[in-house]
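Undergrad: protein.cif is reproduced below (mmCIF, N, CA and C atoms).
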```cif
data_query
#
loop_
_atom_site.label_atom_id
_atom_site.label_comp_id
_atom_site.auth_asym_id
_atom_site.auth_seq_id
_atom_site.Cartn_x
_atom_site.Cartn_y
_atom_site.Cartn_z
N MET A 1 13.87 5.19 15.58
CA MET A 1 13.25 4.60 14.40
C MET A 1 13.80 3.19 14.21
N THR A 2 12.89 2.24 14.08
CA THR A 2 13.33 0.85 13.92
C THR A 2 13.83 0.62 12.50
N ASP A 3 14.48 -0.52 12.33
CA ASP A 3 14.99 -0.89 11.01
C ASP A 3 13.83 -1.03 10.02
N LEU A 4 12.71 -1.60 10.47
CA LEU A 4 11.55 -1.77 9.60
C LEU A 4 11.00 -0.41 9.17
N ASP A 5 10.95 0.53 10.11
CA ASP A 5 10.47 1.88 9.78
C ASP A 5 11.38 2.53 8.74
N THR A 6 12.68 2.33 8.89
CA THR A 6 13.64 2.87 7.93
C THR A 6 13.44 2.25 6.55
N GLN A 7 13.24 0.94 6.51
CA GLN A 7 13.01 0.25 5.24
C GLN A 7 11.70 0.73 4.60
N PHE A 8 10.68 0.93 5.43
CA PHE A 8 9.37 1.39 4.94
C PHE A 8 9.50 2.79 4.34
N THR A 9 10.20 3.66 5.01
CA THR A 9 10.42 5.02 4.51
C THR A 9 11.19 4.98 3.20
N GLN A 10 12.22 4.14 3.14
CA GLN A 10 13.01 4.01 1.91
C GLN A 10 12.15 3.46 0.77
N ALA A 11 11.29 2.49 1.07
CA ALA A 11 10.42 1.90 0.05
C ALA A 11 9.46 2.96 -0.51
N GLN A 12 9.02 3.88 0.34
CA GLN A 12 8.14 4.96 -0.13
C GLN A 12 8.86 5.84 -1.14
N GLU A 13 10.14 6.06 -0.92
CA GLU A 13 10.94 6.83 -1.88
C GLU A 13 11.21 6.01 -3.14
N ASP A 14 11.54 4.75 -2.95
CA ASP A 14 11.87 3.87 -4.08
C ASP A 14 10.71 3.69 -5.03
N VAL A 15 9.49 3.63 -4.50
CA VAL A 15 8.32 3.38 -5.34
C VAL A 15 8.12 4.53 -6.33
N LYS A 16 8.57 5.73 -5.97
CA LYS A 16 8.45 6.89 -6.86
C LYS A 16 9.48 6.84 -8.00
N GLN A 17 10.51 5.99 -7.83
CA GLN A 17 11.59 5.92 -8.80
C GLN A 17 11.52 4.68 -9.69
N LEU A 18 10.42 3.95 -9.64
CA LEU A 18 10.32 2.72 -10.43
C LEU A 18 10.43 3.05 -11.91
N PRO A 19 11.11 2.18 -12.68
CA PRO A 19 11.31 2.45 -14.10
C PRO A 19 10.01 2.46 -14.91
N GLU A 20 9.01 1.68 -14.48
CA GLU A 20 7.72 1.71 -15.16
C GLU A 20 6.59 1.66 -14.15
N ARG A 21 5.46 2.20 -14.54
CA ARG A 21 4.30 2.27 -13.64
C ARG A 21 3.72 0.87 -13.46
N PRO A 22 3.51 0.46 -12.21
CA PRO A 22 2.89 -0.85 -11.97
C PRO A 22 1.45 -0.88 -12.48
N GLY A 23 0.91 -2.07 -12.66
CA GLY A 23 -0.48 -2.23 -13.07
C GLY A 23 -1.43 -1.77 -11.98
N ASN A 24 -2.69 -1.60 -12.35
CA ASN A 24 -3.69 -1.08 -11.41
C ASN A 24 -3.87 -1.95 -10.17
N LEU A 25 -3.85 -3.27 -10.32
CA LEU A 25 -4.00 -4.14 -9.15
C LEU A 25 -2.82 -4.01 -8.21
N THR A 26 -1.63 -3.87 -8.77
CA THR A 26 -0.44 -3.68 -7.93
C THR A 26 -0.49 -2.32 -7.24
N LEU A 27 -0.95 -1.30 -7.95
CA LEU A 27 -1.09 0.02 -7.34
C LEU A 27 -2.10 -0.02 -6.18
N LEU A 28 -3.18 -0.75 -6.36
CA LEU A 28 -4.17 -0.90 -5.28
C LEU A 28 -3.55 -1.60 -4.08
N ARG A 29 -2.76 -2.63 -4.35
CA ARG A 29 -2.09 -3.37 -3.26
C ARG A 29 -1.11 -2.45 -2.52
N LEU A 30 -0.35 -1.66 -3.26
CA LEU A 30 0.58 -0.71 -2.63
C LEU A 30 -0.18 0.29 -1.77
N TYR A 31 -1.27 0.81 -2.30
CA TYR A 31 -2.09 1.77 -1.56
C TYR A 31 -2.61 1.16 -0.27
N ALA A 32 -3.20 -0.03 -0.39
CA ALA A 32 -3.80 -0.67 0.78
C ALA A 32 -2.75 -0.98 1.85
N LEU A 33 -1.60 -1.51 1.42
CA LEU A 33 -0.54 -1.81 2.39
C LEU A 33 -0.02 -0.54 3.05
N PHE A 34 0.13 0.54 2.26
CA PHE A 34 0.60 1.80 2.82
C PHE A 34 -0.38 2.32 3.87
N LYS A 35 -1.68 2.32 3.53
CA LYS A 35 -2.68 2.83 4.46
C LYS A 35 -2.75 1.97 5.73
N GLN A 36 -2.68 0.66 5.58
CA GLN A 36 -2.72 -0.24 6.73
C GLN A 36 -1.49 -0.02 7.60
N ALA A 37 -0.33 0.15 6.97
CA ALA A 37 0.92 0.34 7.72
C ALA A 37 0.95 1.69 8.43
N SER A 38 0.40 2.72 7.82
CA SER A 38 0.51 4.05 8.42
C SER A 38 -0.68 4.43 9.30
N GLU A 39 -1.87 3.86 9.02
CA GLU A 39 -3.06 4.26 9.78
C GLU A 39 -3.77 3.12 10.50
N GLY A 40 -3.43 1.88 10.18
CA GLY A 40 -4.12 0.74 10.80
C GLY A 40 -5.37 0.39 10.01
N ASP A 41 -6.33 -0.25 10.68
CA ASP A 41 -7.54 -0.73 10.01
C ASP A 41 -8.31 0.42 9.36
N VAL A 42 -9.01 0.06 8.30
CA VAL A 42 -9.81 1.03 7.54
C VAL A 42 -10.81 1.73 8.46
N HIS A 43 -11.05 3.00 8.18
CA HIS A 43 -12.03 3.76 8.95
C HIS A 43 -12.76 4.70 8.00
N GLY A 44 -13.87 5.23 8.45
CA GLY A 44 -14.67 6.11 7.60
C GLY A 44 -15.69 5.32 6.80
N ASP A 45 -16.53 6.06 6.12
CA ASP A 45 -17.59 5.44 5.33
C ASP A 45 -17.06 5.00 3.97
N LYS A 46 -17.62 3.90 3.48
CA LYS A 46 -17.26 3.41 2.15
C LYS A 46 -17.83 4.37 1.11
N PRO A 47 -17.01 4.77 0.13
CA PRO A 47 -17.50 5.68 -0.91
C PRO A 47 -18.67 5.07 -1.69
N GLY A 48 -19.50 5.92 -2.22
CA GLY A 48 -20.67 5.47 -2.98
C GLY A 48 -20.30 4.97 -4.37
N PHE A 49 -21.32 4.49 -5.09
CA PHE A 49 -21.07 3.87 -6.39
C PHE A 49 -20.57 4.86 -7.43
N THR A 50 -20.74 6.16 -7.20
CA THR A 50 -20.24 7.14 -8.17
C THR A 50 -18.74 7.35 -8.06
N ASP A 51 -18.15 6.95 -6.95
CA ASP A 51 -16.70 7.08 -6.74
C ASP A 51 -16.07 5.70 -6.89
N ILE A 52 -15.91 5.26 -8.12
CA ILE A 52 -15.42 3.91 -8.40
C ILE A 52 -14.01 3.71 -7.84
N VAL A 53 -13.11 4.65 -8.10
CA VAL A 53 -11.72 4.52 -7.63
C VAL A 53 -11.68 4.49 -6.11
N GLY A 54 -12.41 5.39 -5.48
CA GLY A 54 -12.46 5.43 -4.02
C GLY A 54 -12.99 4.14 -3.44
N LYS A 55 -13.99 3.57 -4.10
CA LYS A 55 -14.59 2.31 -3.65
C LYS A 55 -13.56 1.18 -3.70
N TYR A 56 -12.84 1.10 -4.82
CA TYR A 56 -11.81 0.05 -4.95
C TYR A 56 -10.70 0.24 -3.92
N LYS A 57 -10.29 1.48 -3.69
CA LYS A 57 -9.25 1.74 -2.69
C LYS A 57 -9.73 1.32 -1.30
N TYR A 58 -10.97 1.71 -0.97
CA TYR A 58 -11.54 1.36 0.33
C TYR A 58 -11.59 -0.16 0.50
N ASP A 59 -12.08 -0.86 -0.53
CA ASP A 59 -12.20 -2.31 -0.45
C ASP A 59 -10.84 -2.98 -0.30
N ALA A 60 -9.84 -2.48 -1.02
CA ALA A 60 -8.49 -3.05 -0.93
C ALA A 60 -7.92 -2.88 0.47
N TRP A 61 -8.14 -1.70 1.04
CA TRP A 61 -7.66 -1.43 2.40
C TRP A 61 -8.44 -2.27 3.41
N ALA A 62 -9.76 -2.35 3.24
CA ALA A 62 -10.60 -3.11 4.17
C ALA A 62 -10.22 -4.60 4.16
N ALA A 63 -9.74 -5.10 3.04
CA ALA A 63 -9.34 -6.51 2.94
C ALA A 63 -8.17 -6.83 3.87
N LEU A 64 -7.44 -5.81 4.29
CA LEU A 64 -6.29 -6.01 5.18
C LEU A 64 -6.64 -5.84 6.65
N LYS A 65 -7.92 -5.67 6.94
CA LYS A 65 -8.35 -5.45 8.33
C LYS A 65 -7.79 -6.55 9.24
N GLY A 66 -7.22 -6.14 10.37
CA GLY A 66 -6.65 -7.08 11.31
C GLY A 66 -5.16 -7.33 11.09
N THR A 67 -4.63 -6.89 9.95
CA THR A 67 -3.20 -7.04 9.69
C THR A 67 -2.46 -6.02 10.54
N SER A 68 -1.41 -6.45 11.23
CA SER A 68 -0.66 -5.51 12.06
C SER A 68 0.05 -4.50 11.18
N GLN A 69 0.32 -3.33 11.74
CA GLN A 69 1.00 -2.28 10.98
C GLN A 69 2.41 -2.74 10.58
N ASP A 70 3.09 -3.45 11.46
CA ASP A 70 4.43 -3.93 11.13
C ASP A 70 4.39 -4.96 9.99
N THR A 71 3.40 -5.83 10.00
CA THR A 71 3.26 -6.81 8.93
C THR A 71 2.99 -6.11 7.60
N ALA A 72 2.13 -5.11 7.63
CA ALA A 72 1.82 -4.35 6.42
C ALA A 72 3.06 -3.61 5.91
N LYS A 73 3.85 -3.06 6.82
CA LYS A 73 5.09 -2.39 6.41
C LYS A 73 6.04 -3.37 5.73
N GLN A 74 6.17 -4.56 6.33
CA GLN A 74 7.06 -5.58 5.76
C GLN A 74 6.59 -6.01 4.38
N GLN A 75 5.29 -6.22 4.22
CA GLN A 75 4.75 -6.63 2.92
C GLN A 75 4.91 -5.52 1.89
N TYR A 76 4.76 -4.26 2.31
CA TYR A 76 4.95 -3.12 1.41
C TYR A 76 6.39 -3.08 0.93
N VAL A 77 7.34 -3.22 1.86
CA VAL A 77 8.77 -3.22 1.51
C VAL A 77 9.07 -4.34 0.53
N GLU A 78 8.55 -5.54 0.81
CA GLU A 78 8.81 -6.69 -0.07
C GLU A 78 8.21 -6.48 -1.46
N LEU A 79 7.02 -5.89 -1.54
CA LEU A 79 6.40 -5.64 -2.83
C LEU A 79 7.20 -4.62 -3.63
N VAL A 80 7.64 -3.56 -2.98
CA VAL A 80 8.44 -2.55 -3.68
C VAL A 80 9.76 -3.15 -4.16
N GLU A 81 10.37 -3.98 -3.33
CA GLU A 81 11.62 -4.64 -3.74
C GLU A 81 11.40 -5.53 -4.95
N SER A 82 10.29 -6.26 -4.97
CA SER A 82 10.02 -7.13 -6.13
C SER A 82 9.75 -6.30 -7.38
N LEU A 83 9.12 -5.14 -7.22
CA LEU A 83 8.89 -4.25 -8.37
C LEU A 83 10.20 -3.67 -8.87
N LYS A 84 11.09 -3.34 -7.97
CA LYS A 84 12.40 -2.79 -8.37
C LYS A 84 13.21 -3.82 -9.16
N SER A 85 13.09 -5.09 -8.77
CA SER A 85 13.86 -6.13 -9.43
C SER A 85 13.16 -6.64 -10.70
N GLY A 86 11.94 -6.16 -10.92
CA GLY A 86 11.21 -6.57 -12.12
C GLY A 86 10.46 -7.87 -11.97
N ALA A 87 10.35 -8.38 -10.74
CA ALA A 87 9.67 -9.67 -10.50
C ALA A 87 8.16 -9.53 -10.60
N SER A 88 7.62 -8.35 -10.29
CA SER A 88 6.17 -8.12 -10.36
C SER A 88 5.90 -6.95 -11.27
N ALA A 89 4.66 -6.84 -11.71
CA ALA A 89 4.31 -5.68 -12.55
C ALA A 89 2.93 -5.19 -12.26
#
```
If you took the structure in this file and wrote it as structure tokens, what would it be?
TA:
Amino acid sequence: MTDLDTQFTQAQEDVKQLPERPGNLTLLRLYALFKQASEGDVHGDKPGFTDIVGKYKYDAWAALKGTSQDTAKQQYVELVESLKSGASA
């Protein structure tokens, strides 16, 4: 396991321990980075208009298309660290 993989795994645990819940846009960013880091580019059909949350999640993940998994892991770790320090919300 690489150092980045270790940091990514730790960030997944840390995000569950945040003192306050991040805003919806930050949660979408966390979701998209996690999916890109763990599964790569978006796949499957885009949810229909009745699934608003699913549509937003799909769009957020699709926006990262072409981003390498390691880059997504690094950005996820950095975002969680900024949330832990209170720099983002």
Undergrad: When distances are computed from only C-alpha atoms, which of A:Leu4, A:Leu64, A:Ala72, A:Val80 shows the smallest separation from A:Arg21?
TA: A:Val80
Undergrad: For A:Asp5, list every protein, DNA or RNA residue within 8 Å, evaluated using only N, CA and C atoms, and leave out those in the same chain fewer than 4 positions away; present the list as a PDB file with N, CA and C atoms, in the coordinates of the input.
TA:
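Saved to part16.pdb:
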```pdb
ATOM      1  N   MET A   1      13.870   5.190  15.580  1.00  0.00           N
ATOM      2  CA  MET A   1      13.250   4.600  14.400  1.00  0.00           C
ATOM      3  C   MET A   1      13.800   3.190  14.210  1.00  0.00           C
ATOM      4  N   THR A   9      10.200   3.660   5.010  1.00  0.00           N
ATOM      5  CA  THR A   9      10.420   5.020   4.510  1.00  0.00           C
ATOM      6  C   THR A   9      11.190   4.980   3.200  1.00  0.00           C
ATOM      7  N   GLN A  10      12.220   4.140   3.140  1.00  0.00           N
ATOM      8  CA  GLN A  10      13.010   4.010   1.910  1.00  0.00           C
ATOM      9  C   GLN A  10      12.150   3.460   0.770  1.00  0.00           C
ATOM     10  N   ALA A  11      11.290   2.490   1.070  1.00  0.00           N
ATOM     11  CA  ALA A  11      10.420   1.900   0.050  1.00  0.00           C
ATOM     12  C   ALA A  11       9.460   2.960  -0.510  1.00  0.00           C
ATOM     13  N   ASP A  70       3.090  -3.450  11.460  1.00  0.00           N
ATOM     14  CA  ASP A  70       4.430  -3.930  11.130  1.00  0.00           C
ATOM     15  C   ASP A  70       4.390  -4.960   9.990  1.00  0.00           C
ATOM     16  N   LYS A  73       3.850  -3.060   6.820  1.00  0.00           N
ATOM     17  CA  LYS A  73       5.090  -2.390   6.410  1.00  0.00           C
ATOM     18  C   LYS A  73       6.040  -3.370   5.730  1.00  0.00           C
ATOM     19  N   GLN A  74       6.170  -4.560   6.330  1.00  0.00           N
ATOM     20  CA  GLN A  74       7.060  -5.580   5.760  1.00  0.00           C
ATOM     21  C   GLN A  74       6.590  -6.010   4.380  1.00  0.00           C
TER      22      GLN A  74
END
```
Undergrad: Rounded to one decimal place, report the atom N of A:Ser38-atom N of A:Gln69 distance in Å.
TA: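 If I compute the distance from atom N of A:Ser38 to atom N of A:Gln69, I get 7.2 Å.
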Undergrad: I would like the residues chosen by the PyMOL selection byres (((chain A and resi 43 and name CA) around 10) and name CA) on the shown file; could you give them as a list of chain:residue names?
TA: A:Glu39, A:Gly40, A:Asp41, A:Val42, A:Gly44, A:Asp45, A:Lys46, A:Tyr58, A:Trp61, A:Ala62, A:Lys65
Undergrad: Please report the interatomic distance between atom N of A:Leu30 and atom C of A:Ala63 in Å with one decimal.
TA: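 About the pair atom N of A:Leu30 and atom C of A:Ala63: they are 11.8 Å apart.
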Undergrad: Among the residues of chain A, find those DSSP assigns to alpha helix (DSSP H) from the backbone and print them as an MDAnalysis selection string.
TA: chainID A and resid 3:15 24:39 52:62 69:85
Undergrad: Fix up stretch 14-28 of chain A with N, CA, C and O atoms, then write it as a short mmCIF file (atom, residue, chain, number, x, y, z; two decimals), in the frame of the given file.
TA:
```
data_model
loop_
_atom_site.label_atom_id
_atom_site.label_comp_id
_atom_site.auth_asym_id
_atom_site.auth_seq_id
_atom_site.Cartn_x
_atom_site.Cartn_y
_atom_site.Cartn_z
N ASP A 14 11.54 4.75 -2.95
CA ASP A 14 11.87 3.87 -4.08
C ASP A 14 10.71 3.69 -5.03
O ASP A 14 10.90 3.62 -6.25
N VAL A 15 9.49 3.63 -4.50
CA VAL A 15 8.32 3.38 -5.34
C VAL A 15 8.12 4.53 -6.33
O VAL A 15 7.61 4.34 -7.43
N LYS A 16 8.57 5.73 -5.97
CA LYS A 16 8.45 6.89 -6.86
C LYS A 16 9.48 6.84 -8.00
O LYS A 16 9.35 7.54 -8.98
N GLN A 17 10.51 5.99 -7.83
CA GLN A 17 11.59 5.92 -8.80
C GLN A 17 11.52 4.68 -9.69
O GLN A 17 12.48 4.37 -10.39
N LEU A 18 10.42 3.95 -9.64
CA LEU A 18 10.32 2.72 -10.43
C LEU A 18 10.43 3.05 -11.91
O LEU A 18 9.91 4.06 -12.37
N PRO A 19 11.11 2.18 -12.68
CA PRO A 19 11.31 2.45 -14.10
C PRO A 19 10.01 2.46 -14.91
O PRO A 19 9.90 3.17 -15.89
N GLU A 20 9.01 1.68 -14.48
CA GLU A 20 7.72 1.71 -15.16
C GLU A 20 6.59 1.66 -14.15
O GLU A 20 6.76 1.14 -13.04
N ARG A 21 5.46 2.20 -14.54
CA ARG A 21 4.30 2.27 -13.64
C ARG A 21 3.72 0.87 -13.46
O ARG A 21 3.45 0.17 -14.44
N PRO A 22 3.51 0.46 -12.21
CA PRO A 22 2.89 -0.85 -11.97
C PRO A 22 1.45 -0.88 -12.48
O PRO A 22 0.82 0.17 -12.66
N GLY A 23 0.91 -2.07 -12.66
CA GLY A 23 -0.48 -2.23 -13.07
C GLY A 23 -1.43 -1.77 -11.98
O GLY A 23 -1.04 -1.58 -10.82
N ASN A 24 -2.69 -1.60 -12.35
CA ASN A 24 -3.69 -1.08 -11.41
C ASN A 24 -3.87 -1.95 -10.17
O ASN A 24 -4.02 -1.43 -9.07
N LEU A 25 -3.85 -3.27 -10.32
CA LEU A 25 -4.00 -4.14 -9.15
C LEU A 25 -2.82 -4.01 -8.21
O LEU A 25 -2.99 -4.01 -6.98
N THR A 26 -1.63 -3.87 -8.77
CA THR A 26 -0.44 -3.68 -7.93
C THR A 26 -0.49 -2.32 -7.24
O THR A 26 -0.15 -2.21 -6.06
N LEU A 27 -0.95 -1.30 -7.95
CA LEU A 27 -1.09 0.02 -7.34
C LEU A 27 -2.10 -0.02 -6.18
O LEU A 27 -1.87 0.60 -5.13
N LEU A 28 -3.18 -0.75 -6.36
CA LEU A 28 -4.17 -0.90 -5.28
C LEU A 28 -3.55 -1.60 -4.08
O LEU A 28 -3.79 -1.22 -2.94
#
```
